[in-house]
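**Student:** For reference, the structure I am asking about is given below.
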Amino acid sequence: MPTARWMCLNGDIVDYADCKVHAFSGAVKYGAGVFEGIRAYWNADDKELHVFRLREHAERLRFGMRVLRFDPVYPVDFLEDCVLKTLRANELRENTHIRMIAFLSGDDELPATSPVGLVVGCVPRPSAQSVAKGIRCRIGSIQRIADNALPPRVKATANYINNRAAELEARRDGYDGVLMLTAQGKMSEGAGACFFMVRDGALITPDVTSDILESITRETVMRLARDVFNLPVVERQIDRTEVYAADEAFWCGSGQEIVPIIEIDRLAVGDGAVGPITQRIQQAYFDLVRGQRAEWPEWRRPVWNV
Ligand code: PMP
């Protein structure tokens with residue numbers, strides 16, 4: 001089963017088998033949902049499971065609910081409680097991935113704004129091998145959805161038809177993943193992660209008007225780079241061919257974590273190995289999320305010792 005046994009539906013813990021919506025709900029008919037992917041990290045020294053940046057994920061879900069005109073928009077405390085109670089119900093003491101979805105649960109027509117369902121599920125999940133090995137990507141031929149159509153800043157389930165098509169194209173062609181371009185032909189992001197490249201010691205990432213999700217991990221990486229490593233960080237548009245000139249590249253996301261990109265369109269990035277700045281950021285990120293670095297304690301929400 002890809003999800004642990006106990007889930008949370010509208011605030012109640014339910015068995016995986018009973019966690020159901022109607023097949024004619026707005027979520028199914030129109031893709032009317034917003035979601036979050038979150039990770040929690042086990043620290044064996046303090047015997048604690050830390051949910052990373054739970055508050056920011058709950059706030060982003062609320063932003064999405066507001067933009068999609070969901071009524072009500074659930075309070076942040078309720079959203080956080082549902083996540084914590086799901087982790088506790090499953091007695092999780094290992095690295096875990098959590099998914100939370102707010103969706104239209106009624107059988108109504110297009111303009112419906114309620115009723116709103118909320119589901120949380122989680123599953124133990126170690127880091128992927130790609131975190132160490134890196135990945136080979138292509139730049140997809142399918143353009144990224146635009147802010148004035150399906151805003152990528154809102155983590156809507158329906159958006160992911162775009163990501164899925166781009167990802168499938170890349171996989172069919174033998175790549176590990178895809179990087180998408182905006183309608184203007186500028187670098188946007190991966191199917192589930194934000195793009196960074198290193199040039200001359202500076203980190204460069206597409207700005208928030210490049211049709212990206214305003215990623216929590218992207219923000220974390222920028223804080224680490226600026227505040228811990230004193231590296232210059234630039235948010236700006238990136239041309240397609242500029243990525244071929246990068247010394248290093250990686251993508252980042254809560255679920256993906258930090259994955260080196262070692263090849264783009266069959267051209268090696270730098271010398272084709274995982275770069276030193278990427279490695280330093282990876283190490284600092286993993287130390288931070290587990291609580292093995294002291295910075296930003298407010299980003300780690302304890303599950304057990306509360
Ligand atoms: N972009 C897209 C399209 C994503 O799906 C994700 C995963 N949520 C990200 C970026 C990374 O966002 P975050 O760091 O907030 O998980």
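Going by the structure tokens order, chains are called A, B, ..., each with residues numbered from 1, while ligands are numbered from 1 in the order shown.
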Go through the chains and note each residue within 10 Å of ligand 1, using only C-alpha atoms and all ligand atoms, then give the set as a count of residues only.
**Tutor:** 48
**Student:** Near Gly134 in chain A, counting only C-alpha atoms, which residues have an atom at most 10 Å away, once you skip same-chain residues fewer than 4 positions from it, shown as a PyMOL selection string?
**Tutor:** chain A and resi 128-130+176+249-251+258-263+272-274
**Student:** Just to confirm, what's the straight-line distance from CA of Gly121 in chain A to CA of Ala284 in chain A in Å (one decimal)?
**Tutor:**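 For CA of Gly121 in chain A relative to CA of Ala284 in chain A, the distance reads 27.8 Å.
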**Student:** Please give the complete set of residues from range 92-201 of chain A that DSSP, run on the backbone, assigns to strand (DSSP E), formatted as an MDAnalysis selection string.
**Tutor:** chainID A and resid 96:104 116:124 135:139 177:181 187:190 194:199
**Student:** Check the DSSP output for the backbone and give back, as a PDB file with N, CA and C atoms, in the first residue's frame, the residues of range 128-279 of chain A in helix (DSSP H, G or I).
**Tutor:**
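Done, and the output landed in out-v9.pdb:
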```pdb
ATOM      1  N   SER A 130      18.426   9.048  -6.452  1.00  0.00           N
ATOM      2  CA  SER A 130      18.834  10.176  -7.304  1.00  0.00           C
ATOM      3  C   SER A 130      19.457  11.312  -6.491  1.00  0.00           C
ATOM      4  N   VAL A 131      19.169  11.382  -5.202  1.00  0.00           N
ATOM      5  CA  VAL A 131      19.755  12.423  -4.354  1.00  0.00           C
ATOM      6  C   VAL A 131      21.284  12.290  -4.353  1.00  0.00           C
ATOM      7  N   ALA A 132      21.758  11.061  -4.333  1.00  0.00           N
ATOM      8  CA  ALA A 132      23.211  10.847  -4.360  1.00  0.00           C
ATOM      9  C   ALA A 132      23.745  10.791  -5.788  1.00  0.00           C
ATOM     10  N   LYS A 133      22.999  10.148  -6.671  1.00  0.00           N
ATOM     11  CA  LYS A 133      23.530   9.858  -8.016  1.00  0.00           C
ATOM     12  C   LYS A 133      23.337  10.979  -9.016  1.00  0.00           C
ATOM     13  N   THR A 157      -4.393  20.457  -7.840  1.00  0.00           N
ATOM     14  CA  THR A 157      -4.239  19.113  -8.404  1.00  0.00           C
ATOM     15  C   THR A 157      -4.356  19.156  -9.933  1.00  0.00           C
ATOM     16  N   ALA A 158      -5.260  19.988 -10.459  1.00  0.00           N
ATOM     17  CA  ALA A 158      -5.495  20.047 -11.904  1.00  0.00           C
ATOM     18  C   ALA A 158      -4.247  20.500 -12.663  1.00  0.00           C
ATOM     19  N   ASN A 159      -3.416  21.323 -12.038  1.00  0.00           N
ATOM     20  CA  ASN A 159      -2.181  21.790 -12.695  1.00  0.00           C
ATOM     21  C   ASN A 159      -1.318  20.627 -13.140  1.00  0.00           C
ATOM     22  N   TYR A 160      -1.405  19.540 -12.387  1.00  0.00           N
ATOM     23  CA  TYR A 160      -0.437  18.461 -12.561  1.00  0.00           C
ATOM     24  C   TYR A 160      -0.664  17.627 -13.809  1.00  0.00           C
ATOM     25  N   ILE A 161      -1.740  17.911 -14.544  1.00  0.00           N
ATOM     26  CA  ILE A 161      -1.912  17.341 -15.882  1.00  0.00           C
ATOM     27  C   ILE A 161      -0.789  17.837 -16.785  1.00  0.00           C
ATOM     28  N   ASN A 162      -0.401  19.107 -16.597  1.00  0.00           N
ATOM     29  CA  ASN A 162       0.705  19.708 -17.340  1.00  0.00           C
ATOM     30  C   ASN A 162       2.031  19.023 -16.982  1.00  0.00           C
ATOM     31  N   ASN A 163       2.295  18.909 -15.682  1.00  0.00           N
ATOM     32  CA  ASN A 163       3.534  18.293 -15.208  1.00  0.00           C
ATOM     33  C   ASN A 163       3.623  16.835 -15.655  1.00  0.00           C
ATOM     34  N   ARG A 164       2.487  16.168 -15.568  1.00  0.00           N
ATOM     35  CA  ARG A 164       2.452  14.742 -15.900  1.00  0.00           C
ATOM     36  C   ARG A 164       2.793  14.522 -17.374  1.00  0.00           C
ATOM     37  N   ALA A 165       2.185  15.341 -18.244  1.00  0.00           N
ATOM     38  CA  ALA A 165       2.433  15.197 -19.684  1.00  0.00           C
ATOM     39  C   ALA A 165       3.917  15.425 -19.990  1.00  0.00           C
ATOM     40  N   ALA A 166       4.500  16.442 -19.352  1.00  0.00           N
ATOM     41  CA  ALA A 166       5.916  16.755 -19.587  1.00  0.00           C
ATOM     42  C   ALA A 166       6.811  15.633 -19.049  1.00  0.00           C
ATOM     43  N   GLU A 167       6.447  15.122 -17.882  1.00  0.00           N
ATOM     44  CA  GLU A 167       7.234  14.039 -17.261  1.00  0.00           C
ATOM     45  C   GLU A 167       7.167  12.770 -18.124  1.00  0.00           C
ATOM     46  N   LEU A 168       5.957  12.448 -18.597  1.00  0.00           N
ATOM     47  CA  LEU A 168       5.799  11.246 -19.422  1.00  0.00           C
ATOM     48  C   LEU A 168       6.612  11.347 -20.702  1.00  0.00           C
ATOM     49  N   GLU A 169       6.615  12.533 -21.298  1.00  0.00           N
ATOM     50  CA  GLU A 169       7.397  12.729 -22.524  1.00  0.00           C
ATOM     51  C   GLU A 169       8.877  12.443 -22.259  1.00  0.00           C
ATOM     52  N   ALA A 170       9.382  13.002 -21.156  1.00  0.00           N
ATOM     53  CA  ALA A 170      10.802  12.804 -20.828  1.00  0.00           C
ATOM     54  C   ALA A 170      11.114  11.332 -20.568  1.00  0.00           C
ATOM     55  N   ARG A 171      10.227  10.654 -19.825  1.00  0.00           N
ATOM     56  CA  ARG A 171      10.463   9.231 -19.521  1.00  0.00           C
ATOM     57  C   ARG A 171      10.434   8.380 -20.783  1.00  0.00           C
ATOM     58  N   ARG A 172       9.468   8.693 -21.679  1.00  0.00           N
ATOM     59  CA  ARG A 172       9.390   7.953 -22.954  1.00  0.00           C
ATOM     60  C   ARG A 172      10.685   8.069 -23.731  1.00  0.00           C
ATOM     61  N   ILE A 216       8.764  26.015  -1.003  1.00  0.00           N
ATOM     62  CA  ILE A 216       9.285  26.178   0.361  1.00  0.00           C
ATOM     63  C   ILE A 216      10.746  25.710   0.416  1.00  0.00           C
ATOM     64  N   THR A 217      11.070  24.675  -0.322  1.00  0.00           N
ATOM     65  CA  THR A 217      12.466  24.200  -0.343  1.00  0.00           C
ATOM     66  C   THR A 217      13.362  25.209  -1.064  1.00  0.00           C
ATOM     67  N   ARG A 218      12.844  25.813  -2.129  1.00  0.00           N
ATOM     68  CA  ARG A 218      13.604  26.855  -2.845  1.00  0.00           C
ATOM     69  C   ARG A 218      13.973  27.967  -1.881  1.00  0.00           C
ATOM     70  N   GLU A 219      12.998  28.361  -1.068  1.00  0.00           N
ATOM     71  CA  GLU A 219      13.256  29.425  -0.105  1.00  0.00           C
ATOM     72  C   GLU A 219      14.271  28.971   0.945  1.00  0.00           C
ATOM     73  N   THR A 220      14.156  27.716   1.373  1.00  0.00           N
ATOM     74  CA  THR A 220      15.101  27.163   2.353  1.00  0.00           C
ATOM     75  C   THR A 220      16.522  27.159   1.773  1.00  0.00           C
ATOM     76  N   VAL A 221      16.643  26.723   0.518  1.00  0.00           N
ATOM     77  CA  VAL A 221      17.960  26.676  -0.129  1.00  0.00           C
ATOM     78  C   VAL A 221      18.551  28.085  -0.236  1.00  0.00           C
ATOM     79  N   MET A 222      17.715  29.053  -0.569  1.00  0.00           N
ATOM     80  CA  MET A 222      18.224  30.429  -0.692  1.00  0.00           C
ATOM     81  C   MET A 222      18.701  30.952   0.655  1.00  0.00           C
ATOM     82  N   ARG A 223      17.958  30.609   1.729  1.00  0.00           N
ATOM     83  CA  ARG A 223      18.370  31.053   3.070  1.00  0.00           C
ATOM     84  C   ARG A 223      19.689  30.407   3.467  1.00  0.00           C
ATOM     85  N   LEU A 224      19.823  29.098   3.197  1.00  0.00           N
ATOM     86  CA  LEU A 224      21.080  28.405   3.509  1.00  0.00           C
ATOM     87  C   LEU A 224      22.238  29.023   2.729  1.00  0.00           C
ATOM     88  N   ALA A 225      22.011  29.248   1.437  1.00  0.00           N
ATOM     89  CA  ALA A 225      23.088  29.774   0.587  1.00  0.00           C
ATOM     90  C   ALA A 225      23.514  31.159   1.075  1.00  0.00           C
ATOM     91  N   ARG A 226      22.529  32.018   1.338  1.00  0.00           N
ATOM     92  CA  ARG A 226      22.856  33.400   1.727  1.00  0.00           C
ATOM     93  C   ARG A 226      23.376  33.488   3.151  1.00  0.00           C
ATOM     94  N   ASP A 227      22.628  32.884   4.090  1.00  0.00           N
ATOM     95  CA  ASP A 227      22.903  33.127   5.512  1.00  0.00           C
ATOM     96  C   ASP A 227      23.974  32.212   6.070  1.00  0.00           C
ATOM     97  N   VAL A 228      24.082  30.984   5.537  1.00  0.00           N
ATOM     98  CA  VAL A 228      25.053  30.040   6.090  1.00  0.00           C
ATOM     99  C   VAL A 228      26.335  30.031   5.248  1.00  0.00           C
ATOM    100  N   THR A 241      19.389  28.198 -23.313  1.00  0.00           N
ATOM    101  CA  THR A 241      20.770  27.766 -23.567  1.00  0.00           C
ATOM    102  C   THR A 241      21.708  28.134 -22.421  1.00  0.00           C
ATOM    103  N   GLU A 242      21.238  29.013 -21.513  1.00  0.00           N
ATOM    104  CA  GLU A 242      22.116  29.357 -20.396  1.00  0.00           C
ATOM    105  C   GLU A 242      22.324  28.142 -19.483  1.00  0.00           C
ATOM    106  N   VAL A 243      21.341  27.272 -19.430  1.00  0.00           N
ATOM    107  CA  VAL A 243      21.515  26.103 -18.551  1.00  0.00           C
ATOM    108  C   VAL A 243      22.654  25.207 -19.048  1.00  0.00           C
ATOM    109  N   TYR A 244      22.938  25.268 -20.372  1.00  0.00           N
ATOM    110  CA  TYR A 244      24.047  24.465 -20.902  1.00  0.00           C
ATOM    111  C   TYR A 244      25.397  25.036 -20.467  1.00  0.00           C
ATOM    112  N   ALA A 245      25.381  26.274 -20.000  1.00  0.00           N
ATOM    113  CA  ALA A 245      26.628  26.934 -19.561  1.00  0.00           C
ATOM    114  C   ALA A 245      26.842  26.808 -18.053  1.00  0.00           C
ATOM    115  N   PRO A 276      30.482  20.590  -6.170  1.00  0.00           N
ATOM    116  CA  PRO A 276      30.800  20.839  -4.753  1.00  0.00           C
ATOM    117  C   PRO A 276      29.784  21.744  -4.043  1.00  0.00           C
ATOM    118  N   ILE A 277      29.261  22.740  -4.728  1.00  0.00           N
ATOM    119  CA  ILE A 277      28.281  23.621  -4.064  1.00  0.00           C
ATOM    120  C   ILE A 277      26.978  22.853  -3.842  1.00  0.00           C
ATOM    121  N   THR A 278      26.585  22.065  -4.821  1.00  0.00           N
ATOM    122  CA  THR A 278      25.389  21.223  -4.674  1.00  0.00           C
ATOM    123  C   THR A 278      25.552  20.301  -3.460  1.00  0.00           C
ATOM    124  N   GLN A 279      26.736  19.706  -3.334  1.00  0.00           N
ATOM    125  CA  GLN A 279      26.966  18.781  -2.206  1.00  0.00           C
ATOM    126  C   GLN A 279      26.900  19.493  -0.863  1.00  0.00           C
TER     127      GLN A 279
END
```
**Student:** Using only C-alpha atoms, determine which residues lie at most 9 Å from Thr209 in chain A, disregarding the query and same-chain residues fewer than 3 positions distant; provide the list as a list of chain:residue names.
**Tutor:** A:Asp147, A:Pro206, A:Ile212, A:Arg236, A:Gln237
**Student:** Within 9 Å of range 109-116 of chain A, which residues of range 6-91 of chain A show up? Give each one with its shortest atom-to-atom distance in Å (one decimal) and the two atoms involved, counting only C-alpha atoms, rows by chain then rising residue number, as a Markdown table.
**Tutor:**
```
| residue | atom | partner | partner_atom | distance |
| --- | --- | --- | --- | --- |
| A:Asn10 | CA | A:Val116 | CA | 8.8 |
| A:Gly26 | CA | A:Glu109 | CA | 7.6 |
| A:Lys29 | CA | A:Leu110 | CA | 8.8 |
| A:Tyr30 | CA | A:Leu110 | CA | 7.4 |
| A:Leu68 | CA | A:Thr113 | CA | 8.0 |
| A:Arg69 | CA | A:Thr113 | CA | 6.0 |
| A:Phe70 | CA | A:Thr113 | CA | 4.8 |
| A:Asp71 | CA | A:Ser114 | CA | 5.5 |
| A:Pro72 | CA | A:Val116 | CA | 7.0 |
| A:Val73 | CA | A:Val116 | CA | 8.4 |
```
**Student:** Go ahead and save the residues from that selection, with N, CA, C and O atoms, as a JSON list (two decimals), in the first residue's frame.
**Tutor:**
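Done, and the output landed in selection_8.json:
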```
[["chain", "number", "residue", "atom", "x", "y", "z"],
["A", 10, "ASN", "N", -11.45, 14.90, 7.02],
["A", 10, "ASN", "CA", -12.25, 15.96, 7.67],
["A", 10, "ASN", "C", -12.04, 15.98, 9.19],
["A", 10, "ASN", "O", -12.98, 16.17, 9.96],
["A", 26, "GLY", "N", -16.72, 17.39, -6.98],
["A", 26, "GLY", "CA", -16.03, 18.43, -7.75],
["A", 26, "GLY", "C", -14.55, 18.09, -7.93],
["A", 26, "GLY", "O", -13.93, 18.47, -8.94],
["A", 29, "LYS", "N", -14.77, 15.60, -10.90],
["A", 29, "LYS", "CA", -15.35, 16.16, -12.14],
["A", 29, "LYS", "C", -14.50, 17.28, -12.72],
["A", 29, "LYS", "O", -14.34, 17.39, -13.94],
["A", 30, "TYR", "N", -13.99, 18.15, -11.85],
["A", 30, "TYR", "CA", -13.28, 19.35, -12.35],
["A", 30, "TYR", "C", -11.84, 19.45, -11.87],
["A", 30, "TYR", "O", -11.18, 20.46, -12.13],
["A", 68, "LEU", "N", -8.82, 29.52, -5.11],
["A", 68, "LEU", "CA", -9.84, 28.67, -5.75],
["A", 68, "LEU", "C", -11.24, 28.94, -5.19],
["A", 68, "LEU", "O", -12.18, 28.26, -5.56],
["A", 69, "ARG", "N", -11.34, 29.92, -4.30],
["A", 69, "ARG", "CA", -12.64, 30.37, -3.71],
["A", 69, "ARG", "C", -13.30, 29.27, -2.89],
["A", 69, "ARG", "O", -14.53, 29.19, -2.82],
["A", 70, "PHE", "N", -12.51, 28.37, -2.30],
["A", 70, "PHE", "CA", -13.09, 27.35, -1.44],
["A", 70, "PHE", "C", -13.69, 28.04, -0.20],
["A", 70, "PHE", "O", -13.12, 29.00, 0.32],
["A", 71, "ASP", "N", -14.80, 27.53, 0.27],
["A", 71, "ASP", "CA", -15.47, 28.12, 1.42],
["A", 71, "ASP", "C", -15.99, 26.98, 2.32],
["A", 71, "ASP", "O", -16.87, 26.25, 1.90],
["A", 72, "PRO", "N", -15.44, 26.79, 3.51],
["A", 72, "PRO", "CA", -14.47, 27.67, 4.18],
["A", 72, "PRO", "C", -13.02, 27.38, 3.80],
["A", 72, "PRO", "O", -12.73, 26.32, 3.24],
["A", 73, "VAL", "N", -12.17, 28.35, 4.15],
["A", 73, "VAL", "CA", -10.72, 28.11, 4.14],
["A", 73, "VAL", "C", -10.37, 27.69, 5.55],
["A", 73, "VAL", "O", -10.55, 28.45, 6.50]]
```
**Student:** Taking only C-alpha atoms into account, which of A:Val51, A:Gly185, A:Cys82, A:Met65 comes nearest Pro297 in chain A?
**Tutor:**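 Looking only at the distances to Pro297 in chain A, the closest residue turns out to be A:Val51.
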**Student:** Of the residues A:Lys186, A:His50, A:Arg293, A:Arg55, which is the one nearest to Leu87 in chain A, using only C-alpha atoms?
**Tutor:**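 Checking each of A:Lys186, A:His50, A:Arg293, A:Arg55 against Leu87 in chain A, counting only C-alpha atoms, the winner is A:His50.
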**Student:** Show me, as a PDB file with N, CA and C atoms, in the first residue's frame, the residues that have an atom within 10 Å of Leu118 in chain A when counting only C-alpha atoms, minus same-chain residues fewer than 6 positions from it.
**Tutor:**
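File selection_15.pdb, as written:
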```
ATOM      1  N   CYS A   8      -6.537  10.723   7.639  1.00  0.00           N
ATOM      2  CA  CYS A   8      -7.375  11.697   8.338  1.00  0.00           C
ATOM      3  C   CYS A   8      -8.319  12.324   7.319  1.00  0.00           C
ATOM      4  N   LEU A   9      -9.616  12.138   7.538  1.00  0.00           N
ATOM      5  CA  LEU A   9     -10.621  12.691   6.616  1.00  0.00           C
ATOM      6  C   LEU A   9     -11.500  13.655   7.399  1.00  0.00           C
ATOM      7  N   ASN A  10     -11.454  14.904   7.021  1.00  0.00           N
ATOM      8  CA  ASN A  10     -12.254  15.958   7.674  1.00  0.00           C
ATOM      9  C   ASN A  10     -12.042  15.985   9.195  1.00  0.00           C
ATOM     10  N   GLY A  11     -10.826  15.730   9.600  1.00  0.00           N
ATOM     11  CA  GLY A  11     -10.482  15.817  11.023  1.00  0.00           C
ATOM     12  C   GLY A  11     -10.582  14.507  11.780  1.00  0.00           C
ATOM     13  N   ASP A  12     -11.144  13.466  11.150  1.00  0.00           N
ATOM     14  CA  ASP A  12     -11.290  12.169  11.834  1.00  0.00           C
ATOM     15  C   ASP A  12     -10.283  11.162  11.278  1.00  0.00           C
ATOM     16  N   GLY A  33      -9.108  20.783  -6.500  1.00  0.00           N
ATOM     17  CA  GLY A  33      -8.379  20.449  -5.280  1.00  0.00           C
ATOM     18  C   GLY A  33      -7.072  21.216  -5.207  1.00  0.00           C
ATOM     19  N   VAL A  34      -6.577  21.377  -4.011  1.00  0.00           N
ATOM     20  CA  VAL A  34      -5.219  21.909  -3.793  1.00  0.00           C
ATOM     21  C   VAL A  34      -4.538  20.987  -2.805  1.00  0.00           C
ATOM     22  N   PHE A  35      -3.223  20.858  -2.935  1.00  0.00           N
ATOM     23  CA  PHE A  35      -2.558  19.888  -2.084  1.00  0.00           C
ATOM     24  C   PHE A  35      -1.183  20.344  -1.650  1.00  0.00           C
ATOM     25  N   TYR A  74      -9.893  26.468   5.708  1.00  0.00           N
ATOM     26  CA  TYR A  74      -9.684  25.951   7.070  1.00  0.00           C
ATOM     27  C   TYR A  74      -8.567  26.690   7.801  1.00  0.00           C
ATOM     28  N   LEU A  79      -5.401  22.482  10.096  1.00  0.00           N
ATOM     29  CA  LEU A  79      -4.603  21.775   9.081  1.00  0.00           C
ATOM     30  C   LEU A  79      -3.393  21.108   9.735  1.00  0.00           C
ATOM     31  N   CYS A  82      -4.388  18.057  11.835  1.00  0.00           N
ATOM     32  CA  CYS A  82      -4.718  16.869  11.027  1.00  0.00           C
ATOM     33  C   CYS A  82      -3.443  16.138  10.614  1.00  0.00           C
ATOM     34  N   MET A 100      -1.410  16.217   1.866  1.00  0.00           N
ATOM     35  CA  MET A 100      -2.648  16.826   2.390  1.00  0.00           C
ATOM     36  C   MET A 100      -3.386  17.448   1.203  1.00  0.00           C
ATOM     37  N   ILE A 101      -4.658  17.141   1.069  1.00  0.00           N
ATOM     38  CA  ILE A 101      -5.430  17.639  -0.072  1.00  0.00           C
ATOM     39  C   ILE A 101      -6.737  18.260   0.433  1.00  0.00           C
ATOM     40  N   ALA A 102      -7.019  19.491   0.007  1.00  0.00           N
ATOM     41  CA  ALA A 102      -8.334  20.103   0.229  1.00  0.00           C
ATOM     42  C   ALA A 102      -9.065  20.069  -1.108  1.00  0.00           C
ATOM     43  N   PHE A 103     -10.325  19.680  -1.086  1.00  0.00           N
ATOM     44  CA  PHE A 103     -11.012  19.429  -2.362  1.00  0.00           C
ATOM     45  C   PHE A 103     -12.511  19.685  -2.232  1.00  0.00           C
ATOM     46  N   LEU A 104     -13.153  19.913  -3.381  1.00  0.00           N
ATOM     47  CA  LEU A 104     -14.612  20.049  -3.367  1.00  0.00           C
ATOM     48  C   LEU A 104     -15.213  18.645  -3.314  1.00  0.00           C
ATOM     49  N   SER A 105     -16.004  18.397  -2.260  1.00  0.00           N
ATOM     50  CA  SER A 105     -16.473  17.030  -2.017  1.00  0.00           C
ATOM     51  C   SER A 105     -17.918  16.789  -2.455  1.00  0.00           C
TER      52      SER A 105
END
```
**Student:** Find the distance between CA of Leu267 in chain A and CA of Asp200 in chain A and write it in Å to one decimal.
**Tutor:**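 Separation of CA of Leu267 in chain A and CA of Asp200 in chain A: 18.7 Å.
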**Student:** For each of A:Glu248, A:Trp6, A:Gly106, A:Val76, take the minimum atom-to-atom distance to Ala23 in chain A, counting only C-alpha atoms, then give the residue where this is smallest.
**Tutor:** A:Gly106
**Student:** If you count only C-alpha atoms, which residues fall within 8 Å of Cys122 in chain A, apart from same-chain ones fewer than 6 positions away, as a list in words?
**Tutor:**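 Using only C-alpha atoms, the neighbours found are Thr3, Ala4, Met7, Thr86, Leu87, Thr96, His97, Ile98 and Arg99 of chain A.
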**Student:** Using only C-alpha atoms, can you tell me which of A:Ala32, A:Leu181, A:Ile145, A:Val119 comes closest to Val83 in chain A?
**Tutor:**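 Residue with the minimum atom-to-atom distance to Val83 in chain A: A:Val119.
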